Structure formats: structure tokens, C-alpha cells
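For reference, the structure discussed in these notes is given below.
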Amino acid sequence: MSTDFFAACAAAFRLIVEADAGLIAIVGLSLIVSVAAVLTATAIALPLGAVVALARFRGRHGAIVLLNALMGLPPVVVGLAVYLLLSRAGPLGAFGLLFTPGAMVFAQAILVVPIIAALARQTIADAWLEYEEQLRSLGAPPRLAVWTLLWDTRFSLLTAVLAGFGRAAAEVGAVMIVGGNIDGVTRVMTTAIALETSKGDLPLALGLGLVLVVLVLAVNAAAYSLKQAAHRRFG
Amino acid sequence: MRDRAPALLPLVLDRASVAVAGVPILDRISFTLEAGSRSVVLGANGAGKSVLLRLCHGLLAPTAGTVRWLGPHADDPGRSQAMVFQRPIMLRRSAIANVAYGLKLAGIAKAERLARAHAALARVGLAHLAERPARLLSGGEQQLAALARAWVLEPEVLFLDEPTASLDPAATRAVEAIVGAIHASGTKIVMTTHNLGQARRVADEILFLDRGRLIERAGVDRFFAGPATPEARAFIEGELP
């Protein structure tokens with residue numbers, strides 16, 4: 001048993017070191033899908049977070065609770081919902097997106113929007129609490145005040161975006177359902193790990209798992225050092 | 001230095017009150033602030049000094065009564081007044097960028113902004129720290145930067161809310177000297193303090209606030225020689241050595 005494990009580990013290392021073509025293709029698609037999802041989500045989530053943080057409207061408290069709750073949205077449920085939307089009989093069926101990388105980007109973006117929006121809302125709300133009187137005293141019009149808040153909190157906001165990326169890269173439920181784990185088309189790291197493990201191809205599963213863990217670690221390390229550097233530079 | 005006709009002043013409060021959740025903070029305050037003198041709002045903690053300043057500056061609206069500027073350009077009161085807070089709020093950028101920020105809002109071109117911001121920083125003695133991140137300056141330096149940020153706007157009225165409350169004596173002296181220089185350049189000073197020595201040093205006239213009510217207003221010498229109200233007398237006599 002344990003010799004199996006070590007043999008699998010050794011094989012996994014060999015796949016990584018030798019830059020195995022199958023492994024590279026899967027890692028590459030994973031990155032493309034998750035980066036595209038996070039960019040899409042950021043474009044929606046930052047303005048959304050800023051509006052919920054700063055605008056005074058009916059149901060604002062409900063919106064905050066909802067955003068925070070949606071951070072824990074189960075990926076399989078999002079996958080199911082997007083599947084129904086994109087399936088041929090669904091409202092967006094005409095686009096023919098189901099079982100394509102586009103569908104995976106769509107599903108992951110939905111997963112990530114609440115994470116980035118909720119973290120951004122907290123960051124912007126805290127900064128506004130501190131800046132409000134000073135900015136109003138200086139006569140900053142609302143649009144410029146919002147821009148000042150976003151600019152001054154840009155490193156915290158980037159951390160929120162990286163948190164979203166970590167979530168997107170690591171989830172399996174949504175991409176499995178809407179992508180279908182088709183070899184060479186929609187197979188990403190997480191779905192490949194699930195499949196190879198059940199097939200018994202442990203070296204590839206382990207190799208992909210290692211890459212994924214290192215990737216998530218690297219993203220978090222980047223987020224942390226970015227915040228530290230920003231704090232040293234700007235206080 | 002600068003001699004100009006008032007654009008905003010006088011400022012008239014007529015039975016202005018502020019209540020928060022039904023609790024009165026300021027109770028029917030009436031007074032007129034004219035150009036020229038240094039008016040110091042004196043009173044104990046919780047007397048309503050900060051709220052009064054925010055009301056005058058326009059950060060708060062009265063819940064009853066009125067606050068009105070009567071000068072010829074009273075329709076745009078934001079441009080010609082500034083405020084320095086007890087705790088300076090520095091934006092996450094350099095000291096010079098903080099000072100230039102208000103000029104950007106006033107629509108002044110970048111080169112001129114920077115030149116004027118540099119001059120303002122030099123006047124408060126921070127020229128050598130211009131490029132430093134403002135939030136990494138000491139508390140005293142941050143307050144001087146906040147003064148430069150207000151001064152560079154050449155406001156007609158400058159409100160200062162206990163600007164030295166969290167500063168050491170050296171920084172306090174520096175702030176008081178700069179407030180004097182800003183006044184000498186033609187700006188009306190309205191400042192709060194609970195420090196009697198500071199009130200004596202800075203004020204031309206005292207407005208004494210007690211539990212949300214303006215109960216005494218007098219020239220600084222007359223106020224300290226013989227306060228008219230028992231509350232003001234008790235406040236002066238209660239001073240620690």
C-alpha cells in the first residue's frame with residue numbers, strides 16, 4: 001500500500017518535471033478558464049460591492065447578508081443551475097455553450113462574484129467610514145469619492161480578487177456538471193483528479209493535485225506579500 | 001498677506017439644534033460669526049463642540065433651526081472653507097499628493113497643484129517629507145500635513161476640531177503657530193478646544209458651550225478675567241495645574 005503511494009508520488013513528480021503534455025494541457029485549460037472567470041466576475045463584483053457599501057437603498061442590509069451567504073454557495077448547485085440555463089431547452093440554450101469552456105467560465109464567475117463582492121464591500125465600507133468626513137469636507141463629488149476609495153484600497157481589493165481565483169481554481173462541482181470533463185476540451189485539474197482517481201491512475205491525479213496545491217499556495221502567498229508591501233509603502 | 005472681501009461670511013446660526021435619536025446634542029444655538037477674528041469654542045468633553053463645528057462646516061444638517069452663510073457667494077459654500085479634524089485622515093498616498101488632492105477637486109492643473117502643494121508643505125515645515133507615504137508620518141507630522149492640505153485651499157474660513165488633542169507639547173506649539181500664520185494670511189479661524197491655555201493663546205473671542213447650549217460669548221481677556229456664568233467659572237476653576 002505504502003509502496004504504491006510512494007511509487008505514485010515519484011511518478012507524479014516525473015510527470016511534472018518532464019512537463020508531460022497531457023498534464024500541461026490540463027493545467028493550461030484550468031488557468032485559462034479560472035482567469036477568465038475571475039476577470040468577468042471582477043468586472044461585476046467590484047462595482048456591486050461598491051454600490052452595496054456606499055449607496056443607501058431599501059433592502060441594503062438584506063443585500064449584505066445575501067452577499068455574505070452566497071460566498072458559501074455550493075458549486076454543484078451553481079453547476080446544476082447553469083446546466084439548466086444552458087441546456088438546449090433552457091433560456092440560454094440557443095448559444096450552445098453547454099460542455100464548452102465558456103460554460104465553465106460562466107459557472108465559475110457566478111461562484112466567484114459573491115466572494116469578491118462581499119470582500120470588496122467590507123473593504124470599501126471600512127475605508128468610507130474613515131474617509132467620509134474628510135472627503136466631504138474637501139468637497140469631493142460622489143463619483144470622485146468612490147474612485148478615491150477604490151484607488152486607496154486597491155491592494156485589499158486585489159486580495160479579494162485573488163481569493164476569488166483560489167476558489168475558482170479549486171472547485172470541481174460546477175465545472176464537472178457544465179463542462180462534462182471531456183478529454184482535451186473541458187478537462188481541468190479538479191475534474192481530471194476526480195476521474196483519474198476513480199480510474200486508478202494515481203500518478204496523474206497526484207501530479208495534478210500537487211500543481212493545484214502549489215498554485216493555491218502561490219496565489220495566497222502573493223496576496224499576503226502584496227498586502228504587506230502595500231502596508232509598508234502606503235501605511 | 002491677502003486682503004479680500006468676504007465671499008461667505010458672515011455665518012449665522014438661528015436657533016440651530018441637532019438631536020440624535022431624540023437626544024439633543026445642540027440646543028437652539030444662535031450666533032453670528034464675522035470675518036477676521038479667531039473664535040474659539042470652549043467647553044468640556046461632551047458639550048457639543050465637535051458637533052457644532054461639523055454643523056457650521058456643513059457636514060451635519062440642523063434638525064431644527066437654520067445655518068446660513070450671508071456672504072455674496074453663499075450659494076457655493078463648499079469651496080471657500082476647510083476643516084482640520086482631531087485625528088488627521090491621510091489618504092494612502094504621499095504627503096504631497098494628500099495636499100494636492102483638494103486642489104485637484106478645485107480643477108487646478110497638475111503642475112500648479114504640485115507647486116502650490118510643495119509651497120504649503122514648506123510653510124508647515126514638511127518640505128523634506130513631501131514624498132513620504134502620509135500615513136507613515138508621525139501623528140504630529142500628519143496633523144501638520146492636514147493643516148497644509150487645508151491651507152493650500154486658501155479658505156476664507158478654517159474650522160479646527162481639537163487639532164492638538166492627541167499631540168505632544170512640541171507638536172502642539174507647531175500647530176498653534178501655523179494656525180496663527182493661517183489667520184495672518186486672511187483666514188477666519190474657528191477652533192474648538194477644552195484646553196484653557198490654548199484658548200488663551202489662540203483666541204480673540206471665546207464661545208463657551210455647556211451641555212449643548214451656548215451660554216457665554218466674550219472677548220478672550222474679558223472671559224478669563226471674569227466669566228459671566230457660574231458654569232464657565234466652574235470650568236475655568238476646575239483646570240488642572
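So you can find residues: chains in the C-alpha cells are A, B, ... in the order shown, residues in each start at 1, and ligands are numbered from 1 in order.
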
Per residue of chain B within 9 Å of chain A, record the nearest atom pair and its distance in Å to one decimal, counting only C-alpha atoms, with rows in chain order and ascending residue number, as a Markdown table.
| residue | atom | partner | partner_atom | distance |
| --- | --- | --- | --- | --- |
| B:His57 | CA | A:Ser137 | CA | 7.7 |
| B:Gly58 | CA | A:Ser137 | CA | 8.1 |
| B:Leu59 | CA | A:Glu133 | CA | 7.0 |
| B:Gly78 | CA | A:Gly139 | CA | 6.1 |
| B:Arg79 | CA | A:Gly139 | CA | 7.2 |
| B:Gln81 | CA | A:Ser137 | CA | 8.3 |
| B:Ala82 | CA | A:Ser137 | CA | 6.4 |
| B:Met83 | CA | A:Ser137 | CA | 6.4 |
| B:Val84 | CA | A:Gln134 | CA | 8.5 |
| B:Phe85 | CA | A:Gln134 | CA | 8.1 |
| B:Pro88 | CA | A:Gln134 | CA | 8.7 |
| B:Ile89 | CA | A:Gln134 | CA | 6.7 |
| B:Met90 | CA | A:Tyr131 | CA | 8.4 |
| B:Leu91 | CA | A:Asp152 | CA | 7.0 |
| B:Arg92 | CA | A:Phe234 | CA | 5.3 |
| B:Arg93 | CA | A:Phe234 | CA | 6.0 |
| B:Ser94 | CA | A:Phe234 | CA | 7.7 |
| B:Tyr101 | CA | A:Leu138 | CA | 8.5 |
| B:Gly102 | CA | A:Leu138 | CA | 5.8 |
| B:Leu105 | CA | A:Ala140 | CA | 6.4 |
| B:Ala106 | CA | A:Gly139 | CA | 8.7 |
| B:Arg132 | CA | A:Phe234 | CA | 8.6 |
| B:Pro133 | CA | A:Phe234 | CA | 5.2 |
| B:Ala134 | CA | A:Phe234 | CA | 7.4 |
| B:Arg135 | CA | A:Gly235 | CA | 5.0 |
| B:Leu136 | CA | A:Gly235 | CA | 5.5 |
| B:Ala150 | CA | A:Leu138 | CA | 8.5 |

Give me a file of those residues, with N, CA and C atoms, as a compact mmCIF listing (two decimals), in the first residue's frame.
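Writing the result to out_31.txt gives the following:
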# COMPACT_ATOMS: atom_id res chain seq x y z
N HIS B 57 -19.63 73.70 9.39
CA HIS B 57 -18.89 73.34 8.18
C HIS B 57 -19.80 72.70 7.14
N GLY B 58 -20.97 72.25 7.55
CA GLY B 58 -21.90 71.65 6.60
C GLY B 58 -21.84 70.14 6.54
N LEU B 59 -21.08 69.51 7.44
CA LEU B 59 -21.03 68.05 7.46
C LEU B 59 -22.29 67.48 8.11
N GLY B 78 -19.05 75.34 -0.22
CA GLY B 78 -18.05 74.30 -0.05
C GLY B 78 -16.64 74.77 -0.39
N ARG B 79 -16.52 75.62 -1.43
CA ARG B 79 -15.22 75.93 -1.98
C ARG B 79 -14.31 76.71 -1.03
N GLN B 81 -14.15 77.00 2.35
CA GLN B 81 -13.94 76.66 3.75
C GLN B 81 -13.25 75.30 3.83
N ALA B 82 -12.55 75.09 4.92
CA ALA B 82 -11.84 73.83 5.11
C ALA B 82 -11.93 73.44 6.57
N MET B 83 -11.63 72.17 6.85
CA MET B 83 -11.69 71.71 8.23
C MET B 83 -10.52 70.78 8.52
N VAL B 84 -9.97 70.94 9.72
CA VAL B 84 -8.92 70.04 10.20
C VAL B 84 -9.49 69.29 11.40
N PHE B 85 -9.39 67.97 11.35
CA PHE B 85 -10.02 67.13 12.35
C PHE B 85 -9.06 66.79 13.48
N PRO B 88 -6.03 63.37 12.15
CA PRO B 88 -5.89 63.62 10.72
C PRO B 88 -6.17 62.36 9.91
N ILE B 89 -6.97 62.50 8.86
CA ILE B 89 -7.26 61.37 7.98
C ILE B 89 -6.42 61.55 6.72
N MET B 90 -5.33 60.80 6.66
CA MET B 90 -4.46 60.88 5.49
C MET B 90 -4.86 59.82 4.48
N LEU B 91 -4.94 60.21 3.22
CA LEU B 91 -5.19 59.23 2.17
C LEU B 91 -3.94 58.38 1.98
N ARG B 92 -4.13 57.16 1.44
CA ARG B 92 -3.00 56.25 1.28
C ARG B 92 -2.16 56.65 0.07
N ARG B 93 -1.47 57.76 0.22
CA ARG B 93 -0.58 58.25 -0.84
C ARG B 93 0.42 59.19 -0.17
N SER B 94 1.28 59.82 -0.96
CA SER B 94 2.33 60.63 -0.37
C SER B 94 1.76 61.89 0.28
N TYR B 101 -4.52 66.94 -3.31
CA TYR B 101 -5.83 66.32 -3.60
C TYR B 101 -6.96 67.35 -3.67
N GLY B 102 -7.00 68.25 -2.68
CA GLY B 102 -8.07 69.24 -2.64
C GLY B 102 -8.00 70.20 -3.83
N LEU B 105 -9.60 68.71 -6.83
CA LEU B 105 -11.06 68.88 -6.80
C LEU B 105 -11.46 70.26 -7.28
N ALA B 106 -10.59 71.25 -7.03
CA ALA B 106 -10.90 72.62 -7.43
C ALA B 106 -10.59 72.84 -8.91
N ARG B 132 7.07 61.19 1.23
CA ARG B 132 6.80 60.08 2.15
C ARG B 132 5.32 59.70 2.11
N PRO B 133 5.03 58.39 2.31
CA PRO B 133 3.63 58.00 2.46
C PRO B 133 3.04 58.71 3.69
N ALA B 134 1.92 59.40 3.48
CA ALA B 134 1.42 60.27 4.55
C ALA B 134 1.05 59.49 5.81
N ARG B 135 0.56 58.26 5.63
CA ARG B 135 0.09 57.51 6.79
C ARG B 135 1.24 56.96 7.62
N LEU B 136 2.46 57.05 7.10
CA LEU B 136 3.60 56.58 7.88
C LEU B 136 4.29 57.72 8.60
N ALA B 150 -5.34 71.96 4.25
CA ALA B 150 -6.39 72.97 4.38
C ALA B 150 -5.90 74.33 3.89

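Of the residues in range 136-174 of chain B, those that DSSP places in strand (DSSP E) on the basis of the backbone are Val157, Leu158, Phe159, Leu160 and Asp161 of chain B.
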
Please produce a file of the residues just selected, as a short mmCIF file (atom, residue, chain, number, x, y, z; two decimals), in the first residue's frame, where the atoms kept are C-alpha atoms.
data_model
loop_
_atom_site.label_atom_id
_atom_site.label_comp_id
_atom_site.auth_asym_id
_atom_site.auth_seq_id
_atom_site.Cartn_x
_atom_site.Cartn_y
_atom_site.Cartn_z
CA VAL B 157 -12.89 80.06 6.95
CA LEU B 158 -10.88 77.28 8.58
CA PHE B 159 -12.55 75.04 11.17
CA LEU B 160 -10.28 73.13 13.52
CA ASP B 161 -11.71 70.45 15.80
#

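Each of B:Val51, B:Val220, B:Val12, B:Val41 was compared to Arg200 in chain B using only C-alpha atoms, and B:Val220 turns out to be the nearest.
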
Item to complete: Name the closest residue to Thr164 in chain B among the candidates B:His194, B:Arg213, B:Arg28, B:Arg113; distances are taken between atoms, counting only C-alpha atoms.
Response: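 When distances to Thr164 in chain B are compared using only C-alpha atoms, the smallest one comes from B:His194.
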
A straight line from CA of Gly22 in chain A to CA of Cys9 in chain A spans 17.2 Å

query: If we count only C-alpha atoms, what is near Thr229 in chain B at a cut-off of 12 Å, once residues fewer than 4 positions away on the same chain are taken out, given as a list in words?
result: Phe208, Leu209, Asp210, Leu214, Ile215, Glu216, Arg217, Ala218, Phe223, Phe224, Arg233, Ala234, Phe235 and Ile236 of chain B

Report task. Write out as a PyMOL selection string the residues lying within 10 Å of range 34-40 of chain B, counting only C-alpha atoms and excluding same-chain residues fewer than 2 positions away. Result -> chain B and resi 5-12+31-32+42-43+49+156-160+179-180+183-184+186-194+198-200+202-208+217-220

Taken to one decimal, the CA of Ala168 in chain A-CA of Thr100 in chain A distance is 16.4 Å

Need to verify the contact set: Gly93 in chain A, 12 Å, only C-alpha atoms, exclusion of same-chain residues closer than 6 positions in sequence. Can you return it as a list in words?
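Using only C-alpha atoms, the neighbours found are Val82, Tyr83, Leu84, Leu85, Leu86, Ser87, Phe99 and Ala103 of chain A.
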
| CA of Thr66 in chain B and CA of Arg15 in chain B are how many Å apart? |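 Value for the CA of Thr66 in chain B-CA of Arg15 in chain B distance: 6.7 Å.
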
I'd like the neighbourhood of range 219-225 of chain A as a PyMOL selection string, where a residue qualifies if any of its atoms comes within 9 Å (using only C-alpha atoms), though same-chain residues fewer than 5 positions away should be ignored. chain A and resi 155-156+158-160+162-163+165-166+214+230

Compile the contact shell of Ala145 in chain B as a PDB file with N, CA, C and O atoms, in the first residue's frame: residues with an atom at most 8 Å away, counting only C-alpha atoms, same-chain residues fewer than 5 positions apart removed.
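File produced: result_29.pdb:
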ATOM      1  N   ALA B  95       2.566  62.519   1.125  1.00  0.00           N
ATOM      2  CA  ALA B  95       2.137  63.756   1.786  1.00  0.00           C
ATOM      3  C   ALA B  95       1.780  64.807   0.743  1.00  0.00           C
ATOM      4  O   ALA B  95       0.736  65.469   0.840  1.00  0.00           O
ATOM      5  N   ASN B  98      -1.507  64.123  -0.852  1.00  0.00           N
ATOM      6  CA  ASN B  98      -2.604  64.467   0.055  1.00  0.00           C
ATOM      7  C   ASN B  98      -2.913  65.956  -0.004  1.00  0.00           C
ATOM      8  O   ASN B  98      -4.077  66.357  -0.029  1.00  0.00           O
ATOM      9  N   VAL B  99      -1.869  66.766  -0.016  1.00  0.00           N
ATOM     10  CA  VAL B  99      -2.077  68.217  -0.018  1.00  0.00           C
ATOM     11  C   VAL B  99      -2.646  68.664  -1.363  1.00  0.00           C
ATOM     12  O   VAL B  99      -3.500  69.546  -1.440  1.00  0.00           O
ATOM     13  N   LEU B 121       3.437  72.678   1.977  1.00  0.00           N
ATOM     14  CA  LEU B 121       4.189  71.778   2.847  1.00  0.00           C
ATOM     15  C   LEU B 121       5.401  72.488   3.436  1.00  0.00           C
ATOM     16  O   LEU B 121       5.757  72.288   4.604  1.00  0.00           O
ATOM     17  N   VAL B 124       4.515  74.616   6.419  1.00  0.00           N
ATOM     18  CA  VAL B 124       4.306  73.923   7.693  1.00  0.00           C
ATOM     19  C   VAL B 124       5.554  73.145   8.113  1.00  0.00           C
ATOM     20  O   VAL B 124       5.522  72.398   9.101  1.00  0.00           O
ATOM     21  N   LEU B 126       7.283  70.774   6.370  1.00  0.00           N
ATOM     22  CA  LEU B 126       7.332  69.359   5.995  1.00  0.00           C
ATOM     23  C   LEU B 126       7.901  69.149   4.588  1.00  0.00           C
ATOM     24  O   LEU B 126       7.739  68.073   4.024  1.00  0.00           O
ATOM     25  N   ALA B 134       1.922  59.402   3.485  1.00  0.00           N
ATOM     26  CA  ALA B 134       1.417  60.271   4.548  1.00  0.00           C
ATOM     27  C   ALA B 134       1.050  59.488   5.812  1.00  0.00           C
ATOM     28  O   ALA B 134       1.211  59.976   6.923  1.00  0.00           O
TER      29      ALA B 134
END

(message) When DSSP is applied to the backbone of this structure, which of range 30-189 of chain A are assigned alpha helix (DSSP H)? Write them out as a PyMOL selection string.
(response) chain A and resi 30-54+60-70+75-86+101-137+142-152+154-170+173-179+189
